[in-house]
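File shown: target-v6.cif. Contents: mmCIF, C-alpha atoms and all ligand atoms.
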```cif
data_model
#
loop_
_atom_site.label_atom_id
_atom_site.label_comp_id
_atom_site.auth_asym_id
_atom_site.auth_seq_id
_atom_site.Cartn_x
_atom_site.Cartn_y
_atom_site.Cartn_z
CA MET K 1 54.22 -38.86 -3.51
CA LYS K 2 56.24 -41.92 -4.43
CA PRO K 3 59.90 -41.19 -5.18
CA MET K 4 60.71 -41.72 -8.84
CA PRO K 5 63.71 -43.76 -10.00
CA TRP K 6 65.52 -40.65 -11.16
CA ASP K 7 65.39 -39.23 -7.64
CA ALA K 8 68.15 -41.62 -6.59
CA PRO K 9 71.54 -39.85 -6.73
CA ALA K 10 73.21 -42.90 -8.37
CA TYR K 11 70.57 -42.96 -11.10
CA ARG K 12 70.98 -39.25 -11.65
CA ARG K 13 74.72 -39.63 -12.03
CA THR K 14 74.17 -42.39 -14.60
CA LEU K 15 71.67 -40.20 -16.42
CA LEU K 16 74.14 -37.31 -16.47
CA ARG K 17 76.84 -39.52 -17.90
CA THR K 18 74.44 -41.02 -20.45
CA ALA K 19 73.21 -37.59 -21.50
CA ALA K 20 76.84 -36.57 -21.99
CA ALA K 21 77.68 -39.68 -23.96
CA LEU K 22 77.02 -38.35 -27.42
CA PRO K 23 79.19 -38.83 -30.51
CA PHE K 24 82.15 -36.75 -31.64
CA ALA K 25 84.15 -37.03 -28.41
CA GLY K 26 87.10 -38.26 -30.40
CA PHE K 27 86.84 -35.48 -33.00
CA THR K 28 87.53 -32.48 -30.86
CA GLY K 29 91.20 -33.20 -30.41
CA VAL K 30 90.86 -33.06 -26.64
CA ALA K 31 92.86 -35.59 -24.69
CA LEU K 32 90.36 -37.66 -22.77
CA GLU K 33 92.76 -39.84 -20.80
CA SER K 34 92.07 -37.70 -17.76
CA SER K 35 88.35 -38.43 -17.85
CA ALA K 36 86.66 -38.71 -14.50
CA ALA K 37 85.28 -42.21 -14.65
CA ALA K 38 85.01 -45.12 -17.01
CA ALA K 39 81.71 -45.25 -18.85
CA ASP K 40 79.56 -47.96 -17.38
CA GLY K 41 77.62 -48.69 -20.55
CA PRO K 42 79.04 -50.49 -23.55
CA GLY K 43 80.65 -48.16 -26.05
CA LEU K 44 79.88 -44.98 -24.14
CA PRO K 45 82.69 -42.44 -24.44
CA ASP K 46 84.45 -40.77 -21.54
CA PHE K 47 84.46 -37.01 -21.25
CA ALA K 48 86.60 -34.56 -19.35
CA PRO K 49 85.67 -34.10 -15.67
CA VAL K 50 83.09 -31.43 -14.89
CA PRO K 51 84.90 -28.56 -13.12
CA ALA K 52 83.84 -28.24 -9.49
CA ALA K 53 82.88 -24.61 -10.12
CA ALA K 54 80.15 -25.73 -12.55
CA ILE K 55 78.37 -27.87 -9.96
CA GLY K 56 75.59 -26.41 -7.85
CA PRO K 57 74.36 -27.12 -4.34
CA GLU K 58 73.63 -30.67 -3.31
CA LEU K 59 70.11 -31.98 -3.95
CA ASN K 60 67.94 -33.33 -1.14
CA ASP K 61 66.59 -36.90 -0.99
CA SER K 62 63.58 -35.89 -3.13
CA GLY K 63 65.97 -34.75 -5.87
CA TYR K 64 65.78 -30.98 -5.70
CA PHE K 65 67.41 -27.95 -4.10
CA VAL K 66 65.47 -24.81 -3.20
CA GLY K 67 67.33 -21.66 -2.21
CA ARG K 68 66.62 -18.05 -1.44
CA ILE K 69 68.03 -15.49 -3.86
CA GLY K 70 66.90 -12.55 -1.72
CA GLY K 71 63.77 -11.44 0.14
CA SER K 72 60.87 -13.53 -1.13
CA LEU K 73 62.63 -14.56 -4.36
CA HIS K 74 63.67 -18.22 -4.57
CA TRP K 75 64.97 -20.71 -7.12
CA VAL K 76 64.64 -24.46 -7.53
CA THR K 77 66.86 -26.89 -9.42
CA ASP K 78 67.10 -30.62 -10.05
CA GLY K 79 70.56 -30.28 -11.58
CA PHE K 80 69.15 -30.24 -15.12
CA TYR K 81 66.53 -27.49 -15.05
CA GLN K 82 65.66 -24.42 -12.96
CA ALA K 83 62.54 -22.48 -11.97
CA MET K 84 62.18 -19.27 -9.94
CA PHE K 85 59.39 -18.11 -7.63
CA LEU K 86 58.29 -15.16 -5.53
CA SER K 87 56.58 -16.13 -2.30
CA THR K 88 54.31 -13.10 -1.80
CA ARG K 89 51.75 -12.42 0.93
CA GLU K 90 48.99 -13.07 -1.65
CA GLY K 91 50.35 -16.25 -3.18
CA VAL K 92 53.20 -17.61 -5.22
CA VAL K 93 54.37 -16.27 -8.58
CA LEU K 94 56.22 -19.05 -10.38
CA VAL K 95 58.39 -18.64 -13.47
CA ASP K 96 58.46 -21.86 -15.52
CA ALA K 97 57.39 -25.38 -14.60
CA PRO K 98 60.06 -27.77 -15.90
CA PRO K 99 58.71 -31.34 -16.02
CA THR K 100 61.91 -32.88 -14.63
CA ILE K 101 61.40 -30.86 -11.43
CA GLY K 102 57.67 -31.58 -11.71
CA HIS K 103 55.92 -32.11 -8.38
CA ASN K 104 59.12 -31.14 -6.57
CA LEU K 105 58.14 -27.56 -7.51
CA LEU K 106 55.20 -27.89 -5.13
CA ARG K 107 57.37 -29.52 -2.46
CA ALA K 108 59.94 -26.70 -2.74
CA ILE K 109 57.20 -24.06 -2.51
CA ALA K 110 55.63 -25.83 0.48
CA GLU K 111 59.00 -25.92 2.20
CA VAL K 112 59.53 -22.18 1.75
CA THR K 113 55.99 -21.11 2.66
CA ARG K 114 55.92 -23.35 5.73
CA ALA K 115 58.93 -21.40 6.94
CA ASN K 116 57.72 -17.88 6.06
CA GLY K 117 54.01 -18.37 6.83
CA ARG K 118 52.88 -17.11 3.43
CA PRO K 119 50.31 -18.85 1.19
CA ALA K 120 51.62 -21.87 -0.77
CA LYS K 121 49.06 -21.51 -3.55
CA VAL K 122 50.57 -20.69 -6.94
CA THR K 123 48.41 -17.85 -8.23
CA HIS K 124 50.50 -16.82 -11.25
CA LEU K 125 52.70 -18.75 -13.67
CA VAL K 126 55.00 -16.91 -16.07
CA TYR K 127 56.19 -18.82 -19.12
CA SER K 128 59.75 -17.88 -20.09
CA HIS K 129 58.90 -19.48 -23.44
CA SER K 130 56.64 -22.18 -24.82
CA HIS K 131 59.08 -25.12 -24.95
CA ALA K 132 57.77 -28.24 -23.19
CA ASP K 133 61.02 -28.93 -21.37
CA HIS K 134 60.57 -25.68 -19.39
CA SER K 135 56.77 -25.48 -19.13
CA GLY K 136 55.48 -29.04 -19.45
CA ALA K 137 54.56 -29.33 -15.76
CA SER K 138 52.24 -26.31 -16.01
CA SER K 139 49.16 -28.51 -15.77
CA ILE K 140 50.03 -29.75 -12.26
CA LEU K 141 49.20 -26.24 -11.03
CA GLY K 142 45.58 -26.78 -12.06
CA LYS K 143 43.19 -24.45 -13.87
CA ASP K 144 42.97 -21.83 -11.15
CA VAL K 145 46.23 -20.05 -11.96
CA VAL K 146 46.84 -16.99 -14.10
CA ARG K 147 49.24 -17.93 -16.90
CA ILE K 148 51.28 -15.12 -18.42
CA GLY K 149 53.44 -15.18 -21.54
CA HIS K 150 54.33 -13.44 -24.76
CA VAL K 151 51.61 -13.26 -27.47
CA GLU K 152 53.76 -15.58 -29.56
CA CYS K 153 53.90 -18.04 -26.65
CA ARG K 154 50.09 -18.10 -26.65
CA ARG K 155 49.98 -18.69 -30.41
CA LEU K 156 52.52 -21.55 -30.19
CA LEU K 157 50.80 -23.21 -27.22
CA LEU K 158 47.36 -22.98 -28.85
CA ARG K 159 48.89 -24.67 -31.88
CA ALA K 160 50.61 -27.34 -29.75
CA ASN K 161 47.31 -28.10 -28.01
CA ASP K 162 49.27 -29.89 -25.27
CA PRO K 163 47.16 -30.49 -22.14
CA ASN K 164 50.34 -30.21 -20.05
CA ARG K 165 50.93 -26.62 -21.25
CA PRO K 166 47.75 -24.53 -21.22
CA ALA K 167 48.21 -21.35 -23.29
CA PRO K 168 48.71 -18.11 -21.35
CA THR K 169 45.56 -16.03 -20.98
CA VAL K 170 47.46 -12.86 -20.06
CA THR K 171 49.78 -11.86 -22.88
CA PHE K 172 51.96 -8.93 -23.83
CA GLU K 173 53.89 -7.66 -26.86
CA ASP K 174 56.85 -5.70 -25.48
CA HIS K 175 56.69 -5.13 -21.73
CA TYR K 176 54.57 -6.33 -18.85
CA THR K 177 54.88 -5.50 -15.17
CA LEU K 178 53.50 -8.19 -12.89
CA GLU K 179 52.69 -6.98 -9.37
CA VAL K 180 51.42 -9.45 -6.78
CA GLY K 181 51.34 -8.92 -3.01
CA GLY K 182 53.72 -5.98 -3.16
CA GLU K 183 56.31 -7.89 -5.26
CA ARG K 184 57.25 -7.05 -8.82
CA LEU K 185 58.55 -8.78 -11.93
CA GLU K 186 59.33 -6.90 -15.14
CA LEU K 187 58.79 -8.98 -18.26
CA ALA K 188 60.31 -7.86 -21.56
CA TYR K 189 60.38 -9.17 -25.10
CA HIS K 190 63.47 -8.34 -27.17
CA GLY K 191 62.50 -10.25 -30.31
CA PRO K 192 63.02 -13.88 -31.27
CA ASN K 193 66.25 -15.61 -30.23
CA HIS K 194 66.35 -19.17 -28.85
CA SER K 195 62.63 -19.37 -29.61
CA PRO K 196 60.24 -16.88 -31.21
CA ASP K 197 58.63 -16.15 -27.81
CA ASN K 198 61.51 -16.08 -25.30
CA VAL K 199 61.16 -13.33 -22.69
CA PHE K 200 63.42 -11.73 -20.10
CA VAL K 201 62.06 -11.78 -16.54
CA TYR K 202 63.69 -9.23 -14.24
CA ALA K 203 63.21 -8.88 -10.49
CA PRO K 204 64.52 -5.33 -9.95
CA GLU K 205 64.47 -5.38 -6.14
CA HIS K 206 66.68 -8.45 -6.16
CA ARG K 207 68.73 -7.53 -9.23
CA THR K 208 67.97 -10.96 -10.62
CA LEU K 209 67.40 -11.82 -14.27
CA MET K 210 65.78 -15.03 -15.42
CA VAL K 211 66.28 -15.66 -19.12
CA VAL K 212 66.27 -19.23 -20.36
CA ASP K 213 68.48 -20.98 -22.92
CA ILE K 214 70.72 -17.94 -23.46
CA LEU K 215 73.42 -18.04 -20.75
CA TYR K 216 74.67 -21.28 -19.16
CA PRO K 217 76.64 -20.51 -15.98
CA GLY K 218 79.71 -22.73 -15.79
CA TRP K 219 78.83 -24.76 -18.89
CA VAL K 220 79.05 -24.42 -22.66
CA PRO K 221 75.67 -23.79 -24.33
CA PHE K 222 73.52 -26.86 -25.00
CA LYS K 223 74.00 -28.55 -28.37
CA ASN K 224 73.61 -26.64 -31.62
CA ILE K 225 73.69 -23.34 -29.72
CA ALA K 226 70.79 -24.25 -27.48
CA VAL K 227 68.86 -25.64 -30.49
CA SER K 228 67.99 -22.04 -31.22
CA GLN K 229 65.81 -20.91 -34.08
CA ASP K 230 67.56 -17.58 -34.77
CA ILE K 231 71.32 -17.85 -34.27
CA PRO K 232 72.33 -14.22 -34.98
CA ALA K 233 69.59 -13.10 -32.57
CA TRP K 234 70.68 -15.68 -29.96
CA LEU K 235 74.23 -14.28 -30.13
CA ARG K 236 72.84 -10.76 -29.61
CA ALA K 237 70.59 -11.98 -26.79
CA GLN K 238 73.71 -12.75 -24.74
CA ASP K 239 74.56 -9.02 -24.93
CA ILE K 240 70.98 -7.98 -24.18
CA ALA K 241 71.06 -10.19 -21.07
CA MET K 242 74.35 -8.67 -19.96
CA GLY K 243 72.86 -5.19 -20.52
CA TYR K 244 70.55 -5.68 -17.52
CA PRO K 245 72.06 -4.60 -14.19
CA TRP K 246 71.62 -8.06 -12.64
CA ARG K 247 73.79 -9.57 -9.97
CA THR K 248 72.13 -13.01 -10.08
CA LEU K 249 71.13 -14.95 -13.17
CA VAL K 250 68.63 -17.80 -13.35
CA GLY K 251 69.53 -19.48 -16.65
CA GLY K 252 66.86 -22.17 -16.57
CA HIS K 253 69.39 -25.00 -16.84
CA LEU K 254 71.88 -26.98 -14.78
CA GLY K 255 72.60 -26.80 -11.10
CA ARG K 256 73.65 -23.34 -10.09
CA LEU K 257 72.87 -19.65 -10.38
CA GLY K 258 74.97 -17.33 -12.52
CA VAL K 259 77.17 -14.36 -11.68
CA ARG K 260 78.31 -11.74 -14.15
CA ALA K 261 81.67 -13.44 -14.74
CA ASP K 262 79.73 -16.44 -16.11
CA GLY K 263 78.18 -14.25 -18.79
CA ASP K 264 81.56 -12.75 -19.69
CA LEU K 265 83.10 -16.21 -19.94
CA GLN K 266 80.36 -17.55 -22.20
CA ARG K 267 80.68 -14.52 -24.49
CA ALA K 268 84.45 -15.13 -24.68
CA TYR K 269 83.81 -18.79 -25.57
CA MET K 270 81.32 -17.85 -28.27
CA ALA K 271 83.61 -15.12 -29.64
CA ASP K 272 86.45 -17.66 -29.87
CA LEU K 273 84.15 -20.15 -31.56
CA GLU K 274 82.95 -17.53 -34.04
CA ALA K 275 86.54 -16.53 -34.89
CA SER K 276 87.65 -20.15 -35.23
CA THR K 277 84.64 -20.99 -37.40
CA ARG K 278 85.26 -18.01 -39.67
CA ALA K 279 88.91 -19.02 -40.04
CA SER K 280 87.99 -22.64 -40.76
CA MET K 281 85.67 -21.81 -43.63
CA ASP K 282 88.55 -21.52 -46.11
CA LEU K 283 89.01 -25.30 -46.06
CA ASP K 284 89.87 -26.56 -49.57
CA PRO K 285 86.70 -28.16 -50.98
CA GLN K 286 88.38 -29.84 -53.95
CA PRO K 287 88.88 -33.32 -52.44
CA TYR K 288 85.17 -33.45 -51.52
CA PHE K 289 84.04 -32.48 -55.04
CA ASP K 290 86.54 -34.93 -56.56
CA LYS K 291 85.27 -37.77 -54.41
CA TYR K 292 81.49 -37.27 -54.64
CA GLY K 293 80.78 -34.98 -57.64
CA PRO K 294 79.83 -33.90 -60.20
CA GLN K 295 76.40 -35.45 -60.58
CA GLY K 296 77.39 -37.95 -57.93
CA ASN K 297 76.27 -37.64 -54.31
CA SER K 298 75.70 -33.90 -53.77
CA TRP K 299 74.56 -34.32 -50.19
CA ALA K 300 77.74 -36.29 -49.40
CA ILE K 301 79.78 -33.27 -50.54
CA PHE K 302 77.82 -30.95 -48.23
CA LYS K 303 77.93 -33.35 -45.30
CA THR K 304 81.59 -34.26 -45.39
CA TYR K 305 82.82 -30.77 -46.24
CA LEU K 306 80.70 -28.93 -43.65
CA ASP K 307 81.45 -31.55 -41.00
CA ALA K 308 85.17 -31.14 -41.69
CA VAL K 309 84.87 -27.35 -41.33
CA ALA K 310 83.05 -27.78 -38.01
CA VAL K 311 85.63 -30.24 -36.67
CA ARG K 312 88.41 -27.83 -37.64
CA ALA K 313 86.57 -24.91 -35.99
CA ALA K 314 85.74 -26.77 -32.80
CA ALA K 315 89.07 -28.43 -32.01
CA PRO K 316 91.08 -25.46 -30.67
CA VAL K 317 88.08 -24.01 -28.80
CA ALA K 318 87.18 -27.31 -27.14
CA ALA K 319 90.82 -27.69 -26.11
CA LYS K 320 91.02 -24.12 -24.75
CA TYR K 321 87.84 -24.36 -22.67
CA THR K 322 88.09 -27.94 -21.40
CA GLY K 323 88.53 -27.62 -17.63
CA VAL K 324 87.21 -24.04 -17.82
CA LEU K 325 83.61 -24.55 -18.98
CA ALA K 326 81.92 -27.87 -18.29
CA ALA K 327 81.24 -30.08 -21.31
CA ALA K 328 83.40 -28.08 -23.72
CA ASP K 329 84.40 -31.48 -25.13
CA VAL K 330 80.74 -32.57 -25.32
CA PHE K 331 78.97 -29.82 -27.27
CA THR K 332 81.59 -27.58 -28.91
CA LEU K 333 81.46 -29.55 -32.16
CA ASP K 334 77.66 -29.32 -32.32
CA ASN K 335 77.88 -25.61 -31.56
CA ALA K 336 80.52 -25.11 -34.27
CA ALA K 337 78.39 -27.00 -36.82
CA THR K 338 75.48 -24.67 -36.07
CA LEU K 339 77.69 -21.59 -36.45
CA VAL K 340 78.96 -22.90 -39.81
CA GLU K 341 75.35 -23.16 -41.04
CA SER K 342 74.43 -19.75 -39.64
CA PHE K 343 77.47 -18.13 -41.26
CA ARG K 344 76.42 -19.72 -44.56
CA ILE K 345 72.70 -19.08 -44.63
CA ASP K 346 72.34 -16.04 -42.31
CA ALA K 347 75.58 -14.16 -43.02
CA GLY K 348 76.02 -15.33 -46.64
CA LEU K 349 79.54 -16.74 -46.16
CA LEU K 350 78.87 -19.49 -48.68
CA GLY K 351 82.45 -20.62 -49.36
CA PRO K 352 82.54 -23.23 -52.14
CA PHE K 353 78.76 -22.96 -52.51
CA GLY K 354 78.78 -19.25 -53.40
CA THR K 355 78.17 -17.41 -56.67
CA ARG K 356 79.82 -19.21 -59.57
CA PRO K 357 82.36 -17.02 -61.35
ZN ZN K 401 63.75 -23.79 -25.07
#
```

Have the structure of the file written as structure tokens, please.
Amino acid sequence: MKPMPWDAPAYRRTLLRTAAALPFAGFTGVALESSAAAADGPGLPDFAPVPAAAIGPELNDSGYFVGRIGGSLHWVTDGFYQAMFLSTREGVVLVDAPPTIGHNLLRAIAEVTRANGRPAKVTHLVYSHSHADHSGASSILGKDVVRIGHVECRRLLLRANDPNRPAPTVTFEDHYTLEVGGERLELAYHGPNHSPDNVFVYAPEHRTLMVVDILYPGWVPFKNIAVSQDIPAWLRAQDIAMGYPWRTLVGGHLGRLGVRADGDLQRAYMADLEASTRASMDLDPQPYFDKYGPQGNSWAIFKTYLDAVAVRAAAPVAAKYTGVLAAADVFTLDNAATLVESFRIDAGLLGPFGTRP
């Protein structure tokens, strides 16, 4: 297979910097003079250096790393995404098929099974959830694989009708135990959170939990709280994840595995962001109404007022966690903006848009 341009380490570094180069860097109040490197594109902002502790093992020349978690349980990363697999004596059980790893999934599996003498054929694919960025390489496994997911995952994938993501044919509502070649995964659904169909995949013998888009070892959550559909449930899902007796976490993103301290640190970050957001929601709305209302530009009032609340909420948290969690200066404002909306529409903290006296 021909190496793709993004396999080159220099290209990957550029991509990482570009992906990080989103707006609002100047709004978080974080001093950026110490940024790692000058942006090499015009107008791209600098961000704080990524702490060494957030970076995972080095990728090989094909652009992936495959490692053993324990026994026959392995994980693969390309620095952006992660998958997990059991190499059993009857075939491979894969959890997720992220497109960015793509055919490197098969190379990683071949590497492991060459060494342990077990079959390289992927017989089962578990979908953590239906999102294309985690399952869009499903089709490269062919038709002859048993796909397993939550009933809601099947509904969403039938609706998507995406040839890259065939719908699971084995589905479950609450719990499902998958046993292949003497190895076991326990799948559980704890309700909607990041997506309506996100499931927890636990390997009890290896005390390893794979749950995707909930905990981000070493990093702040992806923008807008992992672009989640149910924010109160996403916040609770962090606690549900920590309630499992895992020692190793496969978070589905970025370059390394998680340990329990990573989960504790993320919960502290989110608790700080919640407290700061709550405290910021008493911002005086009068200047915004004076400038754009009444019967003027109603949306301008919402936008400027809510943005100002989010900036106020994010600033101290981004400052506190810069150097502690990677990209605190990149996504804390987006995460604060999402919390502001959730506090308004989920919790009913409507501030100046509440019941008129
Ligand atoms: Zn997702």

- Task: Would you please work out which residue, of K:Tyr288, K:Arg256, K:Leu125, K:Arg247, is nearest to Glu58 in chain K when using all atoms listed in the file?
- Result: K:Arg256

- Task: Name the residues in contact with Leu215 in chain K at a cut-off of 12 Å, using only C-alpha atoms, excluding same-chain residues fewer than 6 positions from it; report them as a ChimeraX atom specification.
- Result: /K:194,200,209,221-222,225-226,234-242,248-254,256-267,269-270

- Query: Which residues form the shell of 9 Å around ligand ZN 401 (chain K) when you count all atoms listed in the file, given as a PyMOL selection string?
  - Reply: chain K and resi 128-134+194-195+198+212-213+226-228

- Message: So, with all atoms listed in the file as the atoms that count, which of K:Gln82, K:Thr77, K:Asn193, K:Thr123 lies closest to Glu179 in chain K?
- Response: K:Thr123

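You can rank K:Pro119, K:Gly71, K:Gly255, K:Gly218 by their closest distance to Gly56 in chain K using all atoms listed in the file, and at the top of that list sits K:Gly255.
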
- Using CA of Pro49 in chain K and CA of Ala313 in chain K as the two end points, give the distance in Å to one decimal.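 Here the two named atoms are 22.3 Å from each other.
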